[in-house]
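Trainee: Compact mmCIF, C-alpha atoms and all ligand atoms, saved as start_24.txt, coming up:
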# COMPACT_ATOMS: atom_id res chain seq x y z
CA MET P 154 16.39 -0.99 -25.63
CA LYS P 155 14.44 -1.33 -22.43
CA TYR P 156 10.95 -0.44 -23.55
CA THR P 157 10.70 -2.60 -26.66
CA THR P 158 7.69 -4.51 -25.40
CA ASN P 159 5.66 -1.31 -25.59
CA HIS P 160 5.71 -1.50 -29.33
CA GLN P 161 4.06 -4.89 -29.30
CA SER P 162 0.82 -3.51 -27.94
CA THR P 163 -2.19 -3.48 -30.19
CA PRO P 164 -2.76 -0.13 -31.89
CA THR P 165 -5.75 0.67 -29.71
CA GLN P 166 -5.81 2.14 -26.23
CA ASN P 167 -2.66 0.56 -24.93
CA THR P 168 -0.13 2.03 -27.26
CA LEU P 169 2.17 4.90 -26.71
CA SER P 170 0.85 7.98 -28.37
CA GLN P 171 2.40 8.74 -31.73
CA SER P 172 4.42 11.66 -30.43
CA THR P 173 6.37 9.45 -28.06
CA LEU P 174 7.70 7.36 -30.88
CA THR P 175 9.55 10.19 -32.58
CA GLN P 176 12.70 9.85 -30.56
CA SER P 177 15.61 11.00 -32.72
CA PRO P 178 18.63 8.74 -32.84
CA VAL P 179 21.72 10.19 -31.22
CA THR P 180 24.73 9.79 -33.45
CA GLN P 181 28.26 10.14 -32.21
CA GLY P 182 29.49 13.67 -31.85
CA THR P 183 26.04 15.22 -31.91
CA VAL P 184 23.97 16.50 -29.06
CA ALA P 185 20.53 14.99 -28.53
CA GLN P 186 17.73 17.36 -29.39
CA SER P 187 16.02 17.85 -26.08
CA THR P 188 12.88 19.04 -27.84
CA THR P 189 12.32 15.71 -29.57
CA ALA P 190 13.83 13.24 -27.11
CA GLN P 191 11.06 11.78 -24.98
CA THR P 192 12.02 11.04 -21.42
CA PRO P 193 10.46 8.14 -19.49
CA LEU P 194 8.30 10.64 -17.59
CA LEU P 195 6.88 12.16 -20.77
CA MET P 196 6.40 8.75 -22.32
CA ALA P 197 4.57 7.50 -19.24
CA GLN P 198 2.38 10.60 -19.09
CA ASN P 199 1.39 9.99 -22.71
CA LEU P 200 0.20 6.44 -22.12
CA VAL P 201 -3.52 5.91 -22.42
CA LEU P 202 -4.83 3.96 -19.45
CA PRO P 203 -7.22 1.03 -19.92
CA SER P 204 -10.80 2.02 -19.17
CA ARG P 205 -12.50 1.42 -15.80
CA GLU P 206 -14.74 -1.18 -17.52
CA GLU P 207 -11.73 -3.06 -18.88
CA MET P 208 -10.12 -2.98 -15.43
CA LEU P 209 -13.26 -4.26 -13.72
CA GLN P 210 -13.57 -7.07 -16.28
CA ARG P 211 -9.88 -7.86 -15.73
CA ALA P 212 -9.45 -7.81 -19.51
CA PRO P 213 -6.18 -9.36 -20.80
CA SER P 214 -5.34 -6.04 -22.42
CA VAL P 215 -5.18 -4.49 -18.95
CA GLN P 216 -2.60 -7.01 -17.76
CA HIS P 217 -0.69 -6.45 -20.97
CA PHE P 218 -0.73 -2.68 -20.47
CA TRP P 219 0.90 -2.94 -17.04
CA ASP P 220 3.31 -5.75 -17.94
CA SER P 221 4.63 -4.07 -21.04
CA ASN P 222 5.07 -0.70 -19.36
CA ARG P 223 6.58 -1.88 -16.06
CA ASN P 224 10.14 -0.67 -16.70
CA LEU P 225 9.00 2.55 -18.29
CA LEU P 226 6.82 3.37 -15.28
CA ALA P 227 9.61 2.62 -12.81
CA ASP P 228 11.93 4.94 -14.73
CA ALA P 229 9.22 7.58 -14.93
CA TRP P 230 8.77 7.56 -11.15
CA GLN P 231 12.51 7.88 -10.71
CA GLU P 232 12.59 10.87 -13.04
CA TRP P 233 9.51 12.41 -11.40
CA GLU P 234 11.08 12.17 -7.99
CA ALA P 235 14.30 13.84 -9.17
CA ILE P 236 12.25 17.06 -9.39
CA PRO P 237 12.94 18.54 -5.92
CA SER P 238 9.34 19.54 -5.22
CA ASN P 239 8.32 15.89 -5.70
CA GLN P 240 10.48 14.56 -2.89
CA LEU P 241 8.62 12.89 -0.04
CA ASN P 242 9.48 15.62 2.36
CA ILE P 243 9.01 13.77 5.57
CA GLU P 244 11.28 12.27 8.11
CA SER P 245 9.70 8.85 8.53
CA ASP P 246 10.76 9.06 12.14
CA LEU P 247 8.56 12.08 12.65
CA LEU P 248 5.56 10.57 10.89
CA LEU P 249 5.45 7.61 13.25
CA ASP P 250 3.80 8.16 16.62
CA GLU P 251 6.43 9.11 19.16
CA LYS P 252 5.53 6.51 21.79
CA LEU P 253 5.30 3.70 19.29
CA ARG P 254 8.56 4.78 17.67
CA ALA P 255 10.40 4.84 20.98
CA ALA P 256 9.09 1.42 22.03
CA VAL P 257 9.83 -0.15 18.64
CA THR P 258 13.33 1.33 18.51
CA GLN P 259 14.06 -0.04 21.98
CA ALA P 260 12.67 -3.47 21.12
CA TRP P 261 14.94 -3.74 18.08
CA ARG P 262 17.88 -3.06 20.40
CA GLU P 263 16.61 -5.23 23.20
CA PRO P 264 13.84 -7.67 22.17
CA ALA P 265 13.28 -8.73 25.78
CA ILE P 266 11.44 -5.45 26.40
CA GLU P 267 9.03 -5.93 23.51
CA SER P 268 6.05 -5.84 25.90
CA GLU P 269 6.44 -2.03 25.83
CA VAL P 270 5.31 -2.25 22.21
CA GLU P 271 2.55 -4.74 22.94
CA ASN P 272 1.17 -2.53 25.70
CA LEU P 273 0.47 0.27 23.24
CA TRP P 274 -2.05 -1.93 21.39
CA GLN P 275 -5.57 -2.19 22.78
CA GLU P 276 -7.82 -5.07 21.89
CA VAL P 277 -10.89 -3.26 20.54
CA SER P 278 -12.69 -6.37 19.26
CA THR P 279 -11.74 -10.03 19.66
CA ASP P 280 -8.29 -10.34 18.06
CA VAL P 281 -8.41 -6.81 16.63
CA TYR P 282 -5.92 -4.35 18.11
CA GLN P 283 -5.69 -0.59 17.82
CA SER P 284 -2.94 1.96 18.47
CA GLN P 285 -1.90 5.44 17.50
CA PHE P 286 0.45 4.80 14.58
CA PHE P 287 1.15 8.10 12.81
CA ASP P 288 1.46 11.51 14.43
CA PRO P 289 -1.71 13.30 13.24
CA GLU P 290 0.19 16.59 12.88
CA GLN P 291 2.67 15.04 10.46
CA ILE P 292 0.16 13.33 8.18
CA VAL P 293 -0.27 16.51 6.14
CA GLU P 294 3.16 15.97 4.58
CA LEU P 295 2.20 12.48 3.48
CA ARG P 296 -1.15 13.64 2.12
CA ASN P 297 0.41 16.56 0.22
CA TYR P 298 2.82 14.08 -1.26
CA LEU P 299 0.02 11.69 -2.27
CA ASP P 300 -1.80 14.62 -3.91
CA LYS P 301 1.31 15.30 -5.99
CA VAL P 302 1.52 11.61 -6.86
CA ALA P 303 -2.10 11.72 -8.05
CA ALA P 304 -1.34 14.82 -10.14
CA SER P 305 1.80 13.31 -11.69
CA GLU P 306 -0.12 11.97 -14.70
CA ILE P 307 1.89 8.77 -14.43
CA PRO P 308 -0.56 5.88 -14.89
CA MET P 309 -1.34 4.10 -11.63
CA ARG P 310 -3.42 1.04 -11.04
CA PRO P 311 -6.23 1.51 -8.55
CA PRO P 312 -6.92 -1.37 -6.15
CA TYR P 313 -9.77 -3.63 -7.13
CA GLY P 314 -9.91 -6.48 -4.67
CA ILE P 315 -13.64 -6.42 -4.01
CA VAL P 316 -14.62 -3.16 -5.65
CA LEU P 317 -12.48 -0.72 -7.54
CA ASN P 318 -11.38 2.18 -5.33
CA ARG P 319 -10.74 4.92 -7.85
CA TYR P 320 -8.64 7.17 -5.61
CA GLY P 321 -6.49 4.38 -4.27
CA ALA P 322 -3.06 3.22 -5.39
CA MET P 323 -1.10 0.00 -5.24
CA LEU P 324 1.93 0.32 -2.97
CA ASP P 325 3.98 -2.87 -3.23
CA PRO P 326 6.46 -3.58 -6.06
CA ARG P 327 4.68 -6.89 -6.77
CA SER P 328 1.66 -4.96 -8.02
CA GLU P 329 1.29 -3.59 -11.50
CA GLY P 330 1.11 0.18 -11.74
CA TYR P 331 2.39 0.62 -8.18
CA LEU P 332 3.72 3.79 -6.62
CA ALA P 333 7.35 3.16 -7.55
CA ALA P 334 8.80 6.51 -6.40
CA PRO P 335 11.96 5.49 -4.46
CA SER P 336 11.42 7.76 -1.46
CA PHE P 337 7.91 6.44 -0.94
CA GLN P 338 9.16 2.88 -1.29
CA LYS P 339 11.71 3.53 1.43
CA LEU P 340 8.97 4.64 3.82
CA TYR P 341 6.73 1.70 2.84
CA ARG P 342 9.51 -0.85 3.50
CA LYS P 343 10.35 0.76 6.80
CA ILE P 344 6.75 0.57 7.99
CA VAL P 345 6.45 -3.07 6.91
CA ASP P 346 9.84 -4.37 8.08
CA GLU P 347 10.57 -2.29 11.17
CA TYR P 348 7.03 -1.88 12.50
CA MET P 349 4.34 -4.07 11.07
CA ARG P 350 6.01 -7.49 11.03
CA PRO P 351 7.37 -7.60 14.59
CA ILE P 352 4.17 -6.04 15.97
CA ALA P 353 2.09 -8.61 14.09
CA ARG P 354 4.31 -11.44 15.40
CA LEU P 355 3.86 -10.18 18.96
CA LEU P 356 0.08 -10.09 18.72
CA PHE P 357 -0.43 -13.12 16.46
CA PRO P 358 2.54 -15.47 17.08
CA GLU P 359 1.36 -18.14 14.63
CA ILE P 360 2.06 -15.87 11.64
CA VAL P 361 5.83 -16.30 11.96
CA GLY P 362 6.98 -17.91 8.72
CA TYR P 363 3.80 -16.71 6.99
CA ASP P 364 4.96 -13.10 7.02
CA THR P 365 7.81 -12.95 4.51
CA GLN P 366 5.85 -11.23 1.73
CA SER P 367 4.26 -7.79 1.77
CA PHE P 368 1.37 -6.27 -0.15
CA GLY P 369 -0.28 -2.88 0.19
CA PHE P 370 -2.68 -0.34 -1.23
CA SER P 371 -4.26 2.96 -0.32
CA ILE P 372 -8.01 3.55 -0.29
CA GLN P 373 -10.23 6.57 -0.06
CA TYR P 374 -13.94 6.67 0.64
CA GLN P 375 -16.14 9.61 -0.26
CA ALA P 376 -19.93 10.00 -0.27
CA GLY P 377 -21.36 9.54 -3.76
CA LYS P 378 -18.15 7.88 -4.97
CA ASP P 379 -16.50 4.84 -3.39
CA THR P 380 -18.50 4.53 -0.20
CA SER P 381 -18.31 1.11 1.45
CA LEU P 382 -16.96 -2.43 1.37
CA ARG P 383 -19.07 -5.53 1.90
CA LEU P 384 -18.25 -8.19 4.47
CA HIS P 385 -15.09 -10.10 3.55
CA THR P 386 -11.89 -11.64 4.84
CA ASP P 387 -8.42 -10.68 3.53
CA ALA P 388 -6.09 -13.18 1.82
CA SER P 389 -3.39 -12.15 4.31
CA SER P 390 -1.95 -13.66 7.45
CA VAL P 391 -2.32 -10.25 9.00
CA THR P 392 -3.60 -6.83 7.91
CA LEU P 393 -2.51 -3.43 9.22
CA ASN P 394 -4.95 -0.66 8.33
CA ILE P 395 -3.65 2.86 9.05
CA ASN P 396 -5.85 5.93 8.85
CA ILE P 397 -4.28 8.96 7.18
CA ASN P 398 -7.02 11.55 7.68
CA LEU P 399 -5.86 15.02 8.68
CA PRO P 400 -6.75 16.17 12.22
CA ASP P 401 -9.47 18.49 10.92
CA GLU P 402 -10.69 16.24 8.15
CA GLU P 403 -13.95 14.94 9.51
CA PHE P 404 -16.19 12.26 8.12
CA ALA P 405 -19.40 10.53 9.14
CA GLY P 406 -20.19 6.84 8.76
CA SER P 407 -17.40 4.68 7.31
CA GLU P 408 -17.00 2.63 10.48
CA VAL P 409 -15.37 -0.76 10.10
CA ASP P 410 -17.44 -3.66 11.43
CA PHE P 411 -15.54 -6.62 12.80
CA TYR P 412 -17.41 -9.88 13.30
CA ASP P 413 -16.63 -11.84 16.42
CA PRO P 414 -17.22 -15.52 15.66
CA SER P 415 -17.12 -16.46 19.34
CA THR P 416 -20.10 -14.26 20.26
CA GLY P 417 -21.72 -13.74 16.85
CA LYS P 418 -21.64 -10.01 17.59
CA VAL P 419 -20.45 -7.15 15.44
CA ASN P 420 -18.14 -4.50 16.81
CA ARG P 421 -18.45 -1.20 14.97
CA LEU P 422 -15.17 0.74 15.16
CA SER P 423 -14.15 4.17 13.92
CA PHE P 424 -10.79 5.44 12.77
CA LYS P 425 -9.26 8.60 14.22
CA PRO P 426 -6.47 10.39 12.33
CA GLY P 427 -3.26 8.37 12.47
CA THR P 428 -4.69 5.37 14.31
CA ALA P 429 -4.21 1.85 13.02
CA MET P 430 -6.01 -1.44 13.47
CA ILE P 431 -4.28 -4.77 13.07
CA HIS P 432 -6.06 -8.10 12.68
CA ARG P 433 -5.67 -11.55 11.21
CA GLY P 434 -6.73 -11.67 7.58
CA ASN P 435 -9.40 -14.23 8.42
CA VAL P 436 -11.39 -11.91 10.72
CA ALA P 437 -14.50 -10.95 8.73
CA HIS P 438 -14.90 -7.19 8.36
CA ALA P 439 -16.88 -4.65 6.36
CA ALA P 440 -16.75 -0.88 5.84
CA GLN P 441 -20.05 0.94 6.45
CA PRO P 442 -21.16 3.59 3.94
CA ILE P 443 -19.53 6.99 4.37
CA THR P 444 -22.20 9.67 4.59
CA SER P 445 -20.06 12.82 4.55
CA GLY P 446 -16.42 13.79 4.27
CA THR P 447 -13.56 11.58 3.18
CA ARG P 448 -11.69 8.73 4.84
CA SER P 449 -8.22 7.73 3.58
CA ASN P 450 -6.28 4.68 4.76
CA LEU P 451 -3.15 2.70 3.96
CA VAL P 452 -3.83 -1.02 4.03
CA LEU P 453 -0.81 -3.31 4.43
CA TRP P 454 -0.77 -7.11 4.28
CA LEU P 455 1.74 -9.78 5.18
CA TYR P 456 1.63 -13.36 3.96
CA GLY P 457 4.10 -16.15 3.32
CA ASP P 458 5.96 -17.16 0.18
CA ARG P 459 3.49 -18.03 -2.60
CA MET P 460 0.74 -16.38 -0.56
CA GLN P 461 0.67 -19.03 2.15
CA ILE P 462 -1.23 -18.20 5.32
CA PRO P 463 -1.31 -20.11 8.62
CA ASN P 464 -4.01 -22.75 8.96
CA GLY P 465 -4.33 -22.65 12.70
CA ARG P 466 -3.47 -20.59 15.72
CA ASN P 467 -1.24 -22.88 17.67
CA GLN P 468 1.90 -23.05 15.64
CA ASN P 469 5.07 -21.16 16.46
CA THR P 470 3.69 -19.74 19.66
CA SER P 471 6.89 -20.64 21.45
CA ILE P 472 9.30 -18.51 19.41
CA ASP P 473 11.32 -16.16 21.52
CA ALA P 474 11.50 -12.40 21.39
CA ALA P 475 14.83 -12.27 19.58
CA GLN P 476 13.33 -14.20 16.65
CA ARG P 477 10.41 -11.81 16.35
CA TRP P 478 12.64 -8.76 15.91
CA THR P 479 14.25 -9.90 12.68
CA THR P 480 13.64 -9.31 8.99
CA PRO P 481 13.24 -12.42 6.81
CA THR P 482 15.91 -12.93 4.19
CA SER P 483 13.66 -14.59 1.61
CA LYS P 484 13.24 -12.69 -1.62
CA GLN P 485 10.02 -10.86 -2.36
CA ASP P 486 8.07 -13.02 -4.83
CA THR P 487 5.42 -11.80 -7.25
CA PHE P 488 2.28 -13.46 -5.89
CA ALA P 489 -0.52 -10.95 -5.43
CA PRO P 490 -4.16 -11.52 -4.53
CA PHE P 491 -5.39 -8.76 -6.89
O1 LIG Q 501 -12.48 0.34 5.09
C1 LIG Q 501 -11.45 -0.09 5.57
O2 LIG Q 501 -10.65 0.61 6.18
C2 LIG Q 501 -11.15 -1.55 5.39
C3 LIG Q 501 -10.64 -1.86 4.02
C4 LIG Q 501 -10.53 -3.32 3.79
O3 LIG Q 501 -10.98 -4.11 4.55
C5 LIG Q 501 -9.88 -3.82 2.59
O4 LIG Q 501 -9.56 -3.02 1.70
O5 LIG Q 501 -9.67 -5.06 2.50
FE FE Q 502 -10.24 -6.07 4.17
Take the structure in the file and give it back as structure tokens.

Mentor:
Amino acid sequence: MKYTTNHQSTPTQNTLSQSTLTQSPVTQGTVAQSTTAQTPLLMAQNLVLPSREEMLQRAPSVQHFWDSNRNLLADAWQEWEAIPSNQLNIESDLLLDEKLRAAVTQAWREPAIESEVENLWQEVSTDVYQSQFFDPEQIVELRNYLDKVAASEIPMRPPYGIVLNRYGAMLDPRSEGYLAAPSFQKLYRKIVDEYMRPIARLLFPEIVGYDTQSFGFSIQYQAGKDTSLRLHTDASSVTLNININLPDEEFAGSEVDFYDPSTGKVNRLSFKPGTAMIHRGNVAHAAQPITSGTRSNLVLWLYGDRMQIPNGRNQNTSIDAAQRWTTPTSKQDTFAPF
């Protein structure tokens, strides 16, 4: 029985509700009673999430909740996605900006022309690059999908690296309570492996070898709710931050400040729908308070096995193009910064 660890939880918040434990045994020659058999989706929907306070305190019971329900949640997402209206109804090829897609596709075929990809990225602050990444007109499909995910009633763990972002979700399989729906995972892997890693290697050559592992989360800022993020660095080799606002979804404030150590100056940058910024994890940055509207982003990280990051800029700068346009074969480990 796959979910046995559930029954070891303390009889407080973390247990399955009583009704989920009434599964009737199926004996040979009989048909299971569909009215009493609890499917993974129903069981997951009946779980009682740890409180926000417990999450913020990183209480052991919170870890236990996610650990003991990991298989159940994965099965629940699988079942949820089998409902046709819950399919991620988007050709990933259409979601990605057409110019970027064309250049990336060509570079995979012929790495020697990778500069076509590099040319699409503008340096908007020292060592911070920006490009159109998603087609703004296609983002609506992704956002509709994420709304359905939020309404699924399957417990999800919000990101709490610096502050808890209550509308965000963890995206990588290494994270507890992540968005395990297979069709979303396919898109996530494609973005990381086909786009992010080679682009990051082009712009920041020293990350090669420190880019085998992925990590990701979504965030949403809204006035009066989660509004800003104080100055920090990321525990990544490189961070790709993609805006997923709709074309008509305006917001004020919520700029991201990047600190330039060489000049001591701050560059205040704004996201437009579908644009992305990519930077080394060690570039200090902060999100200014949002004063109206909503800003939603996908934040993706790469780092090495066991969370290793490069300790200088001058390694691996001589690798050739063909090496950049490859996917590492090392297994995904389970190290996560939060
Ligand atoms: O506000 C943003 O887009 C930046 C988010 C960020 O830096 C982070 O979550 O680490
Ligand atoms: Fe950050």

Trainee: Once 6 Å is added on each side, what centre and edge lengths in Å to one decimal does the axis-aligned box around all listed atoms of ligand LIG 501 (chain Q) have, as AutoDock Vina command-line options?

Mentor:
--center_x -11.0 --center_y -2.2 --center_z 3.9 --size_x 14.9 --size_y 17.7 --size_z 16.5

Trainee: So how far away is atom CA of P:Arg448 from atom CA of P:Ala405, in Å?

Mentor: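 That distance, rounded to one decimal, is 9.0 Å.
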
Trainee: Pick from P:Glu276, P:Asp250, P:Asp346, P:Asp325: nearest to P:Thr480, with only C-alpha atoms counted?

Mentor: P:Asp346

Trainee: Have a look at P:Gln198, P:Asn420, P:Asn396, P:Gln366 and name the one nearest to P:Ile307; count all atoms listed in the file.

Mentor: P:Gln198

Trainee: Compute the set of protein, DNA and RNA residues whose minimum atom distance to ligand FE 502 (chain Q) is at most 12 Å, using all atoms listed in the file, and state it as a PyMOL selection string.

Mentor: chain P and resi 312-316+369-372+381-394+409-411+430-440+450-454+490

Trainee: Can you list, as a list in words, every protein, DNA or RNA residue that comes within 8 Å of P:Glu267 when you count only C-alpha atoms, leaving out same-chain residues fewer than 6 positions away?

Mentor: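 Within the cut-off, the hits are Ala256, Val257, Gln259, Ala260 and Ala474 of chain P.
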
Trainee: If you measure from atom CA of P:Tyr374 to atom CA of P:Thr447, what distance in Å do you get, rounded to one decimal?

Mentor: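 So the answer is 5.5 Å.
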
Trainee: Can you pull out every residue within 7 Å of stretch 195-197 of chain P, counting all atoms listed in the file, but drop anything in the same chain fewer than 3 positions away, and send it as a compact mmCIF listing (two decimals) with C-alpha atoms, keeping the file's coordinate frame?

Mentor:
# COMPACT_ATOMS: atom_id res chain seq x y z
CA THR P 173 6.37 9.45 -28.06
CA GLN P 191 11.06 11.78 -24.98
CA THR P 192 12.02 11.04 -21.42
CA LEU P 200 0.20 6.44 -22.12
CA LEU P 225 9.00 2.55 -18.29
CA LEU P 226 6.82 3.37 -15.28
CA ALA P 229 9.22 7.58 -14.93
CA ILE P 307 1.89 8.77 -14.43
CA PRO P 308 -0.56 5.88 -14.89

Trainee: What does the structure give for the distance between atom CA of P:Gln441 and atom CA of P:Ile292, in Å to one decimal?

Mentor: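 Separating atom CA of P:Gln441 from atom CA of P:Ile292 is a distance of 23.8 Å.
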
Trainee: Quick one: residues within 7 Å of P:Pro463, only C-alpha atoms, excluding same-chain residues fewer than 2 positions away - as a tab-separated table (two decimals) with C-alpha atoms, keeping the file's coordinate frame?

Mentor:
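Saved result, selection.tsv, follows:
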chain	number	residue	atom	x	y	z
P	359	GLU	CA	1.36	-18.14	14.63
P	360	ILE	CA	2.06	-15.87	11.64
P	363	TYR	CA	3.80	-16.71	6.99
P	390	SER	CA	-1.95	-13.66	7.45
P	461	GLN	CA	0.67	-19.03	2.15
P	465	GLY	CA	-4.33	-22.65	12.70

Trainee: Quick one: residues within 6 Å of stretch 398-400 of chain P, all atoms listed in the file counted, chain neighbours fewer than 5 positions away excluded, as a ChimeraX atom specification?

Mentor: /P:289,426,449

Trainee: Please identify all polymer residues within 10 Å of P:Lys343, counting only C-alpha atoms, omitting same-chain residues fewer than 6 positions from it, and present them as a list in words.

Mentor: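 Residues meeting the cut-off are Ser245, Asp246, Phe337 and Met349 of chain P.
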
Trainee: For the point (-5.5, -2.5, 21.8) in the file's frame, write as a list in words all residues with an atom no more than 12 Å away, counting only C-alpha atoms.

Mentor: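 Protein and nucleic acid residues near the point are Val270, Glu271, Asn272, Leu273, Trp274, Gln275, Glu276, Val277, Ser278, Thr279, Asp280, Val281, Tyr282, Gln283, Ser284, Gln285, Phe286, Ile352, Leu356, Thr428, Ala429, Met430, Ile431 and His432 of chain P.
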
Trainee: Between P:Thr487, P:Gln240, P:Ser336, P:Asn222, which one has atoms that come closest to P:Val201, using only C-alpha atoms?

Mentor: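 Checking each candidate against P:Val201, we get P:Asn222 as the closest.
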